[in-house]
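Take a look at the structure below.
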Amino acid sequence: MLQAKVFHYGSISLIVEPCRTAHLKAMEEAKKAGALLSYDPNLRLPLWPSAEEARKQIRSIWDKADLIKVSDNELEFLTGSNKIDDAAAMSLWHDKLKLLLVTLGEKGCKYYTKNFQGTVDGFPVDTVDTTGAGDSFVGAFLTKLVADLSILEVIRPPLALLHLPL
């Protein structure tokens with residue numbers, strides 16, 4: 001972990017101790033080592049004691065992340081709004097954030113940085129099972145990101161990289 005460029009995590013390990021404490025310590029150590037912190041809440045509501053506790057714990061580490069990816073459903077859950085729009089997404093922005101991604105299923109995704117925002121349309125596929133689609137998306141994006149961390153600093157759409165072959 002001390003040589004990682006990115007430390008990616010979710011929220012499920014925040015549900016119970018000692019996982020929660022280990023999770024927070026891993027984030028702290030990764031940040032000290034210079035890694036970008038990448039957060040995908042990966043909401044699994046049935047695992048949490050309540051929706052309120054899920055929202056509270058997910059948001060408890062929100063402002064530590066450099067990159068955050070949420071799905072359209074997670075955006076609704078976290079904001080309490082049924083609108084999937086720029087205003088709802090930007091209500092999740094914090095000062096340390098470098099990139100906020102909102103995945104929209106087959107419709108693609110929206111991305112937000114301090115300097116620009118945009119949309120990348122989805123493309124047709126023969127869907128068999130959507131399990132892990134968000135994880136695959138983030139994995140592909142982070143693979144491109146670690147190859148060129150400057151994409152977070154320059155004024156050009158970072159998700160254009162997802163159109164390139166791995």
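Ordering of the structure tokens sets the chain letters (A, B, ...); residue numbers start at 1 within each chain; ligands are numbered from 1 in the order shown.
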- Message: Need to verify the contact set: A:Arg44, 12 Å, only C-alpha atoms, exclusion of same-chain residues closer than 5 positions in sequence. Can you return it as a list in words?
- Response: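 The filter keeps Gly10, Ser11, Ile12, Ser13, Leu14, Ile15, Pro49, Ser50, Ala51, Ala54, Arg55, Ile58, Asn73, Glu74 and Phe77 of chain A.
Looking only at stretch 47-104 of chain A, the set that DSSP places in strand (DSSP E or B) from backbone geometry is Leu67, Ile68, Lys69, Val70, Ser71, Leu99, Leu100, Leu101, Val102 and Thr103 of chain A.
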- Message: Give me, as a PyMOL selection string, all polymer residues having an atom no more than 10 Å from A:Leu36, counting only C-alpha atoms and skipping those fewer than 3 positions away in the same chain.
- Response: chain A and resi 4-8+27+30-33+39+64-67+98+146+149
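Within the 7 Å cut-off around stretch 115-131 of chain A, using only C-alpha atoms and omitting residues fewer than 6 positions from it on the same chain, the listed residues are Glu106, Lys107, Gly108, Cys109 and Ile155 of chain A.
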- Message: Between A:Val70, A:Leu92, A:Glu52, A:Leu99, which residue has the minimum interatomic distance to A:Leu145, considering only C-alpha atoms?
- Response: A:Leu99
- Using DSSP on the backbone coordinates, identify the residues of chain A assigned to alpha helix (DSSP H); present them as a PyMOL selection string. chain A and resi 19-32+51-60+72-79+86-90+133-147
- Item | A:Thr21, A:Thr79, A:Thr113, A:Ser38 ranked by distance to A:Phe141, top pick (using only C-alpha atoms) |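 Closest candidate: A:Ser38.
Checking A:Gly34, A:Tyr112, A:Val16, A:Thr103 one by one against A:Ser136, counting only C-alpha atoms, you find the shortest gap at A:Thr103.
One distance worth recording is that between atom CA of A:Asp85 and atom CA of A:Leu104, which is 10.8 Å.
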- Task: Please measure the separation of atom CA of A:Ala88 and atom CA of A:Leu75, giving the value in Å to one decimal.
- Result: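 Interatomic distance, atom CA of A:Ala88 to atom CA of A:Leu75: 7.4 Å.
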- Item | Selected residue of minimal separation from A:Leu24 among A:Ala87, A:Leu78, A:Ile61, A:Leu43, counting only C-alpha atoms |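 Selected residue with least distance to A:Leu24: A:Ile61.
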- Message: Can you measure atom CA of A:Leu101 to atom CA of A:Glu76 for me? One decimal in Å is fine.
- Response: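 These two atoms are separated by 13.9 Å.
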